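K.L.:
Following this line is work25.cif, made up of mmCIF, C-alpha atoms:
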data_model
loop_
_atom_site.label_atom_id
_atom_site.label_comp_id
_atom_site.auth_asym_id
_atom_site.auth_seq_id
_atom_site.Cartn_x
_atom_site.Cartn_y
_atom_site.Cartn_z
CA MET A 776 48.67 -5.36 -4.58
CA HIS A 777 47.41 -4.08 -1.25
CA PRO A 778 44.38 -5.78 0.29
CA PRO A 779 41.18 -3.70 0.31
CA ARG A 780 40.65 -1.53 3.35
CA LYS A 781 37.60 -2.27 5.38
CA ARG A 782 35.00 0.47 5.18
CA SER A 783 33.37 0.96 8.56
CA SER A 784 30.19 2.77 9.45
CA ARG A 785 29.83 3.70 13.08
CA ASP A 786 26.15 4.47 12.77
CA GLU A 787 25.31 1.19 11.06
CA GLY A 788 27.55 -0.81 13.37
CA PHE A 789 29.32 -3.12 10.91
CA GLU A 790 32.35 -3.26 8.65
CA PHE A 791 32.63 -4.40 5.05
CA ASP A 792 35.15 -4.62 2.26
CA THR A 793 32.72 -5.61 -0.54
CA VAL A 794 29.63 -3.72 -1.69
CA LEU A 795 26.99 -5.44 -3.79
CA LEU A 796 24.85 -3.06 -5.82
CA ASP A 797 21.37 -3.31 -7.18
CA VAL A 798 20.85 -1.33 -10.41
CA ASP A 799 17.21 -0.38 -11.08
CA GLY A 800 16.08 2.31 -8.65
CA THR A 801 19.48 2.29 -6.94
CA LEU A 802 21.87 3.57 -9.61
CA ILE A 803 19.28 4.70 -12.17
CA GLY A 804 15.71 5.95 -11.88
CA SER A 805 14.10 3.19 -13.93
CA ASN A 806 11.46 1.60 -11.71
CA ALA A 807 8.49 3.59 -13.01
CA ALA A 808 9.54 2.85 -16.60
CA HIS A 809 9.69 -0.88 -15.84
CA ALA A 810 6.20 -0.73 -14.32
CA GLU A 811 4.78 1.07 -17.36
CA ALA A 812 6.50 -1.31 -19.80
CA TRP A 813 5.13 -4.38 -17.99
CA THR A 814 1.64 -2.88 -17.86
CA GLN A 815 1.62 -2.12 -21.59
CA ALA A 816 3.05 -5.51 -22.56
CA LEU A 817 0.57 -7.42 -20.41
CA ARG A 818 -2.41 -5.48 -21.76
CA GLU A 819 -1.29 -6.07 -25.35
CA HIS A 820 -1.39 -9.80 -24.61
CA GLY A 821 -4.85 -9.76 -23.12
CA VAL A 822 -3.96 -9.47 -19.43
CA THR A 823 -6.02 -6.72 -17.83
CA VAL A 824 -3.78 -5.13 -15.24
CA ASP A 825 -3.36 -1.72 -13.63
CA ILE A 826 0.03 -0.11 -13.15
CA GLY A 827 -0.76 0.04 -9.44
CA GLN A 828 -0.69 -3.76 -9.38
CA ILE A 829 2.67 -3.87 -11.12
CA ARG A 830 4.57 -1.15 -9.28
CA PRO A 831 4.93 -3.07 -5.96
CA LEU A 832 6.47 -6.00 -7.84
CA ILE A 833 9.26 -4.04 -9.50
CA GLY A 834 12.51 -5.38 -8.11
CA MET A 835 11.52 -8.97 -8.78
CA GLY A 836 12.40 -10.69 -12.03
CA ALA A 837 9.92 -11.86 -14.65
CA ASP A 838 10.06 -15.33 -13.10
CA LYS A 839 8.24 -13.89 -10.08
CA LEU A 840 6.22 -11.06 -11.62
CA LEU A 841 4.45 -12.95 -14.42
CA PRO A 842 3.04 -15.72 -12.19
CA ALA A 843 1.96 -13.13 -9.63
CA VAL A 844 -0.04 -10.90 -11.98
CA ALA A 845 -1.00 -13.19 -14.84
CA SER A 846 -0.59 -16.78 -13.58
CA VAL A 847 1.82 -17.21 -16.49
CA SER A 848 5.21 -18.91 -16.38
CA GLU A 849 8.12 -16.89 -17.70
CA ASP A 850 9.20 -19.90 -19.78
CA SER A 851 5.80 -20.49 -21.39
CA THR A 852 5.09 -19.34 -24.95
CA LEU A 853 2.89 -16.53 -23.65
CA GLY A 854 5.34 -15.60 -20.93
CA GLN A 855 8.18 -15.35 -23.43
CA ALA A 856 6.08 -13.21 -25.78
CA ILE A 857 5.11 -10.84 -22.97
CA GLY A 858 8.72 -10.67 -21.81
CA ARG A 859 10.01 -9.81 -25.30
CA ARG A 860 7.41 -7.09 -25.72
CA LYS A 861 8.16 -5.66 -22.29
CA LYS A 862 11.85 -5.39 -23.16
CA ALA A 863 11.05 -3.66 -26.45
CA ILE A 864 8.82 -1.11 -24.73
CA PHE A 865 11.34 -0.51 -21.95
CA GLU A 866 14.07 0.20 -24.50
CA THR A 867 12.02 3.13 -25.79
CA PHE A 868 12.04 4.62 -22.27
CA LEU A 869 15.76 4.05 -21.67
CA PRO A 870 17.09 7.24 -23.33
CA GLY A 871 15.02 9.36 -20.94
CA LEU A 872 16.20 7.70 -17.74
CA GLN A 873 18.59 9.48 -15.40
CA PRO A 874 21.15 8.27 -12.84
CA THR A 875 20.10 8.55 -9.22
CA SER A 876 21.62 11.48 -7.38
CA GLY A 877 25.23 10.79 -6.46
CA ALA A 878 25.44 7.35 -8.08
CA ARG A 879 28.82 7.80 -9.75
CA PRO A 880 30.43 9.85 -6.95
CA LEU A 881 29.45 7.17 -4.42
CA LEU A 882 31.04 4.41 -6.48
CA GLU A 883 34.16 6.46 -7.12
CA TYR A 884 34.48 7.14 -3.40
CA LEU A 885 34.12 3.47 -2.50
CA LEU A 886 36.75 2.50 -5.06
CA GLU A 887 39.10 5.15 -3.66
CA GLN A 888 38.64 3.51 -0.24
CA GLY A 889 39.72 0.15 -1.67
CA THR A 890 36.20 -1.31 -1.55
CA GLN A 891 35.34 -4.12 -3.95
CA LEU A 892 32.18 -3.43 -5.99
CA VAL A 893 29.98 -6.01 -7.69
CA ILE A 894 26.57 -5.74 -9.35
CA ALA A 895 23.74 -7.98 -8.11
CA THR A 896 20.66 -7.38 -10.27
CA SER A 897 17.53 -9.20 -11.43
CA ALA A 898 18.03 -7.72 -14.91
CA ASP A 899 19.56 -9.93 -17.61
CA ASP A 900 23.05 -9.22 -18.95
CA ARG A 901 21.94 -7.19 -21.98
CA GLU A 902 19.58 -4.95 -20.05
CA MET A 903 22.07 -4.58 -17.20
CA GLU A 904 24.73 -3.28 -19.58
CA ALA A 905 22.31 -0.79 -21.14
CA LEU A 906 21.24 0.47 -17.72
CA LEU A 907 24.80 0.84 -16.45
CA GLN A 908 25.76 2.71 -19.62
CA ARG A 909 22.81 5.06 -19.18
CA ALA A 910 23.66 5.55 -15.50
CA GLY A 911 27.22 6.48 -16.48
CA VAL A 912 28.85 3.92 -14.21
CA HIS A 913 29.55 0.93 -16.46
CA ASP A 914 33.31 1.58 -16.45
CA LEU A 915 33.44 1.35 -12.65
CA LEU A 916 31.75 -2.04 -12.35
CA PRO A 917 33.53 -4.89 -14.13
CA GLN A 918 32.29 -7.51 -11.64
CA ARG A 919 28.64 -8.31 -12.24
CA ALA A 920 26.05 -10.94 -11.36
CA SER A 921 22.69 -10.83 -13.12
CA LYS A 922 19.56 -12.85 -13.75
CA ASP A 923 21.64 -14.90 -16.20
CA ASP A 924 23.77 -16.17 -13.30
CA ALA A 925 20.88 -17.31 -11.10
CA SER A 926 18.02 -19.78 -11.14
CA GLU A 927 15.67 -17.49 -9.22
CA SER A 928 15.43 -13.70 -9.02
CA LYS A 929 15.10 -11.61 -5.87
CA PRO A 930 13.86 -11.99 -3.18
CA ASP A 931 15.46 -15.43 -3.55
CA PRO A 932 19.15 -15.13 -2.65
CA ASP A 933 20.54 -16.74 -5.82
CA ILE A 934 21.81 -13.50 -7.39
CA VAL A 935 23.40 -12.39 -4.12
CA HIS A 936 25.12 -15.76 -3.78
CA ALA A 937 26.36 -15.44 -7.39
CA ALA A 938 27.73 -11.95 -6.69
CA LEU A 939 29.51 -13.15 -3.54
CA THR A 940 31.02 -16.07 -5.44
CA ARG A 941 32.10 -13.88 -8.34
CA SER A 942 33.84 -11.44 -6.02
CA ASN A 943 35.17 -14.12 -3.65
CA ALA A 944 33.63 -12.10 -0.83
CA ARG A 945 32.76 -13.33 2.64
CA PRO A 946 29.12 -12.65 3.62
CA GLU A 947 30.13 -11.18 6.96
CA ALA A 948 32.33 -8.61 5.16
CA ALA A 949 29.79 -7.64 2.49
CA VAL A 950 26.78 -5.34 2.25
CA ILE A 951 24.22 -4.79 -0.49
CA ILE A 952 22.82 -1.38 -1.43
CA GLY A 953 19.31 -1.59 -2.87
CA ASP A 954 15.97 0.16 -3.01
CA THR A 955 13.30 -2.52 -2.53
CA PRO A 956 12.25 -5.00 0.15
CA TYR A 957 13.30 -7.71 -2.31
CA ASP A 958 16.93 -6.58 -2.14
CA ILE A 959 16.75 -6.63 1.65
CA GLU A 960 15.13 -10.06 1.79
CA ALA A 961 17.62 -11.53 -0.68
CA ALA A 962 20.46 -10.12 1.43
CA ARG A 963 18.99 -11.56 4.64
CA ARG A 964 18.62 -14.99 3.08
CA ALA A 965 22.22 -14.83 1.85
CA GLY A 966 23.51 -13.81 5.28
CA ILE A 967 24.61 -10.26 4.48
CA SER A 968 23.51 -6.79 5.59
CA ALA A 969 21.54 -4.38 3.42
CA ILE A 970 21.40 -0.60 3.15
CA ALA A 971 18.20 0.76 1.60
CA LEU A 972 17.71 3.84 -0.58
CA ARG A 973 14.40 5.70 -0.95
CA CYS A 974 15.18 6.87 -4.51
CA GLY A 975 13.54 3.80 -6.04
CA GLY A 976 10.19 5.29 -5.08
CA HIS A 977 6.99 3.59 -3.92
CA TRP A 978 8.34 1.95 -0.77
CA SER A 979 7.90 3.42 2.71
CA ASP A 980 10.53 3.27 5.42
CA GLY A 981 8.34 0.66 7.07
CA ASP A 982 8.67 -1.52 3.98
CA LEU A 983 12.46 -1.12 4.16
CA ARG A 984 12.72 -1.49 7.94
CA ASP A 985 14.86 -4.65 7.85
CA ALA A 986 17.76 -2.73 6.30
CA VAL A 987 20.50 -1.67 8.69
CA ALA A 988 20.05 1.92 7.49
CA ILE A 989 17.89 3.92 5.06
CA PHE A 990 19.04 6.93 3.02
CA ASP A 991 17.37 9.11 0.41
CA ASP A 992 19.80 8.29 -2.41
CA PRO A 993 23.47 7.54 -3.15
CA ALA A 994 24.35 11.21 -2.55
CA ALA A 995 22.95 11.06 0.99
CA LEU A 996 24.79 7.81 1.71
CA LEU A 997 28.01 9.30 0.38
CA ALA A 998 27.59 12.36 2.58
CA ARG A 999 27.18 10.14 5.63
CA TRP A 1000 30.23 8.05 4.85
CA ARG A 1001 32.37 11.06 4.07
CA GLY A 1002 31.27 12.49 7.39
CA ASP A 1003 32.23 9.23 9.12
CA ALA A 1004 35.63 9.34 7.49
CA ARG A 1005 36.48 12.77 8.94
#
Spell out the structure here as structure tokens.

P.N.:
Amino acid sequence: MHPPRKRSSRDEGFEFDTVLLDVDGTLIGSNAAHAEAWTQALREHGVTVDIGQIRPLIGMGADKLLPAVASVSEDSTLGQAIGRRKKAIFETFLPGLQPTSGARPLLEYLLEQGTQLVIATSADDREMEALLQRAGVHDLLPQRASKDDASESKPDPDIVHAALTRSNARPEAAVIIGDTPYDIEAARRAGISAIALRCGGHWSDGDLRDAVAIFDDPAALLARWRGDAR
């Protein structure tokens, strides 16, 4: 078996042979649905909250979000009840979600280049599988690290560390593609570079400024890399 070829990006000024991928907002347009599901679930359990308070927290796991908006631990009886209801509501939105533009072509291109791909998401295993199925990319991504592999969700680096370990990747030869400041912060704390996408919505380029580059969506990133390859 031939070793993977390093993918280089002249504009971003680094090389990598492993790409870590966020899921929500990066490969599938699900962030707004998560925000609505959390808002409904919290209100049903007596927590008065506006969707505008929830939307900036999407990208974190429940271990971060629930204490921030409701002063509730994810592991408490109330936290578990809210979490179960949120998942049930989100599942009703799932059939209407669409892949982000260029998600599958980008992954296919990277695989053609010999790049190793691995998921690094704050979703749990069950939800991750459903999202990848809906995004139409589950068959391209056998290596996965999720909330179930980490003690803390993003922006803590646990999930990124788990993805690096699972793929046996060196931090200096890896990059993560994500859509929130939490992806970028988790990458920084794990010692890897991050590329940001705007397709997750909500975040300004200023919020994503610590990424090495910012693109509209996977299609725009693919166009850049194909251009670099010529």

K.L.:
Which residue is closest to A:Arg941? Choose from A:Val798, A:Leu997, A:Ile967, A:Ile894 and count all atoms listed in the file.

P.N.:
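Ranking A:Val798, A:Leu997, A:Ile967, A:Ile894 by distance to A:Arg941, first place goes to A:Ile894.
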
K.L.:
Using the chain letters and numbers from this file, what does the PyMOL selection byres ((chain A and resi 867-875) around 6) select? Give the answer as a list in words.

P.N.:
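That expression, the PyMOL selection byres ((chain A and resi 867-875) around 6), corresponds here to Leu802, Ile803, Gly804, Ile864, Phe865, Glu866, Ser876, Ala878 and Ala910 of chain A.
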
K.L.:
So that I have them on file, write out the residues from the current selection with C-alpha atoms, as an mmCIF file, in the coordinates of the input.

P.N.:
data_model
loop_
_atom_site.group_PDB
_atom_site.id
_atom_site.type_symbol
_atom_site.label_atom_id
_atom_site.label_comp_id
_atom_site.auth_asym_id
_atom_site.auth_seq_id
_atom_site.Cartn_x
_atom_site.Cartn_y
_atom_site.Cartn_z
ATOM 1 C CA LEU A 802 21.870 3.570 -9.610
ATOM 2 C CA ILE A 803 19.280 4.700 -12.170
ATOM 3 C CA GLY A 804 15.710 5.950 -11.880
ATOM 4 C CA ILE A 864 8.820 -1.110 -24.730
ATOM 5 C CA PHE A 865 11.340 -0.510 -21.950
ATOM 6 C CA GLU A 866 14.070 0.200 -24.500
ATOM 7 C CA SER A 876 21.620 11.480 -7.380
ATOM 8 C CA ALA A 878 25.440 7.350 -8.080
ATOM 9 C CA ALA A 910 23.660 5.550 -15.500
#

K.L.:
Which residue is closest to A:Gly976? Choose from A:Val822, A:Leu795, A:Ile833, A:Ala816 and count only C-alpha atoms.

P.N.:
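When distances to A:Gly976 are compared using only C-alpha atoms, the smallest one comes from A:Ile833.
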
K.L.:
Report as a PyMOL selection string all protein, DNA and RNA residues lying within 12 Å of A:His936, evaluated on all atoms listed in the file, omitting residues in the same chain fewer than 5 positions from it.

P.N.:
chain A and resi 795+893-896+919-922+924-931+941-946+949+951+961-967

K.L.:
Next, dump the selected residues to file, keeping only C-alpha atoms, as a PDB file, in the coordinates of the input.

P.N.:
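Done, and the output landed in selection-v6.pdb:
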ATOM      1  CA  LEU A 795      26.990  -5.440  -3.790  1.00  0.00           C
ATOM      2  CA  VAL A 893      29.980  -6.010  -7.690  1.00  0.00           C
ATOM      3  CA  ILE A 894      26.570  -5.740  -9.350  1.00  0.00           C
ATOM      4  CA  ALA A 895      23.740  -7.980  -8.110  1.00  0.00           C
ATOM      5  CA  THR A 896      20.660  -7.380 -10.270  1.00  0.00           C
ATOM      6  CA  ARG A 919      28.640  -8.310 -12.240  1.00  0.00           C
ATOM      7  CA  ALA A 920      26.050 -10.940 -11.360  1.00  0.00           C
ATOM      8  CA  SER A 921      22.690 -10.830 -13.120  1.00  0.00           C
ATOM      9  CA  LYS A 922      19.560 -12.850 -13.750  1.00  0.00           C
ATOM     10  CA  ASP A 924      23.770 -16.170 -13.300  1.00  0.00           C
ATOM     11  CA  ALA A 925      20.880 -17.310 -11.100  1.00  0.00           C
ATOM     12  CA  SER A 926      18.020 -19.780 -11.140  1.00  0.00           C
ATOM     13  CA  GLU A 927      15.670 -17.490  -9.220  1.00  0.00           C
ATOM     14  CA  SER A 928      15.430 -13.700  -9.020  1.00  0.00           C
ATOM     15  CA  LYS A 929      15.100 -11.610  -5.870  1.00  0.00           C
ATOM     16  CA  PRO A 930      13.860 -11.990  -3.180  1.00  0.00           C
ATOM     17  CA  ASP A 931      15.460 -15.430  -3.550  1.00  0.00           C
ATOM     18  CA  ARG A 941      32.100 -13.880  -8.340  1.00  0.00           C
ATOM     19  CA  SER A 942      33.840 -11.440  -6.020  1.00  0.00           C
ATOM     20  CA  ASN A 943      35.170 -14.120  -3.650  1.00  0.00           C
ATOM     21  CA  ALA A 944      33.630 -12.100  -0.830  1.00  0.00           C
ATOM     22  CA  ARG A 945      32.760 -13.330   2.640  1.00  0.00           C
ATOM     23  CA  PRO A 946      29.120 -12.650   3.620  1.00  0.00           C
ATOM     24  CA  ALA A 949      29.790  -7.640   2.490  1.00  0.00           C
ATOM     25  CA  ILE A 951      24.220  -4.790  -0.490  1.00  0.00           C
ATOM     26  CA  ALA A 961      17.620 -11.530  -0.680  1.00  0.00           C
ATOM     27  CA  ALA A 962      20.460 -10.120   1.430  1.00  0.00           C
ATOM     28  CA  ARG A 963      18.990 -11.560   4.640  1.00  0.00           C
ATOM     29  CA  ARG A 964      18.620 -14.990   3.080  1.00  0.00           C
ATOM     30  CA  ALA A 965      22.220 -14.830   1.850  1.00  0.00           C
ATOM     31  CA  GLY A 966      23.510 -13.810   5.280  1.00  0.00           C
ATOM     32  CA  ILE A 967      24.610 -10.260   4.480  1.00  0.00           C
TER      33      ILE A 967
END

K.L.:
Go through A:Val935, A:Glu904, A:Glu883, A:Leu892 one by one, measure the shortest atom-to-atom distance of each to A:Gln918 using all atoms listed in the file, and give the residue with the smallest value.

P.N.:
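Ranking A:Val935, A:Glu904, A:Glu883, A:Leu892 by distance to A:Gln918, first place goes to A:Leu892.
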
K.L.:
Compare A:Ala843, A:Lys861, A:Ser851, A:Asp799 by their minimum atom-to-atom distance to A:Ala812, counting all atoms listed in the file, and give me the closest one.

P.N.:
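Smallest separation from A:Ala812 among the options: A:Lys861.
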
K.L.:
What would the selection look like, as a list in words, if the PyMOL selection byres ((chain A and resi 810) around 8) were run on the coordinates I just shared?

P.N.:
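Applied to this file, the PyMOL selection byres ((chain A and resi 810) around 8) selects Asn806, Ala807, Ala808, His809, Glu811, Ala812, Trp813, Thr814, Ile826, Ile829, Arg830 and Ile833 of chain A.
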
K.L.:
Take atom CA of A:Gly800 and atom CA of A:Leu972 and report the distance between them in Å, one decimal.

P.N.:
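Atom CA of A:Leu972 lies 8.4 Å from atom CA of A:Gly800.
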
K.L.:
Hey, can you check how far atom CA of A:Trp978 sits from atom CA of A:Arg999?

P.N.:
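Atom-to-atom, atom CA of A:Trp978 to atom CA of A:Arg999, that is 21.5 Å.
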
K.L.:
What gap, in Å, lies between atom CA of A:Arg860 and atom CA of A:Pro831?

P.N.:
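Distance reported for this atom pair: 20.3 Å.
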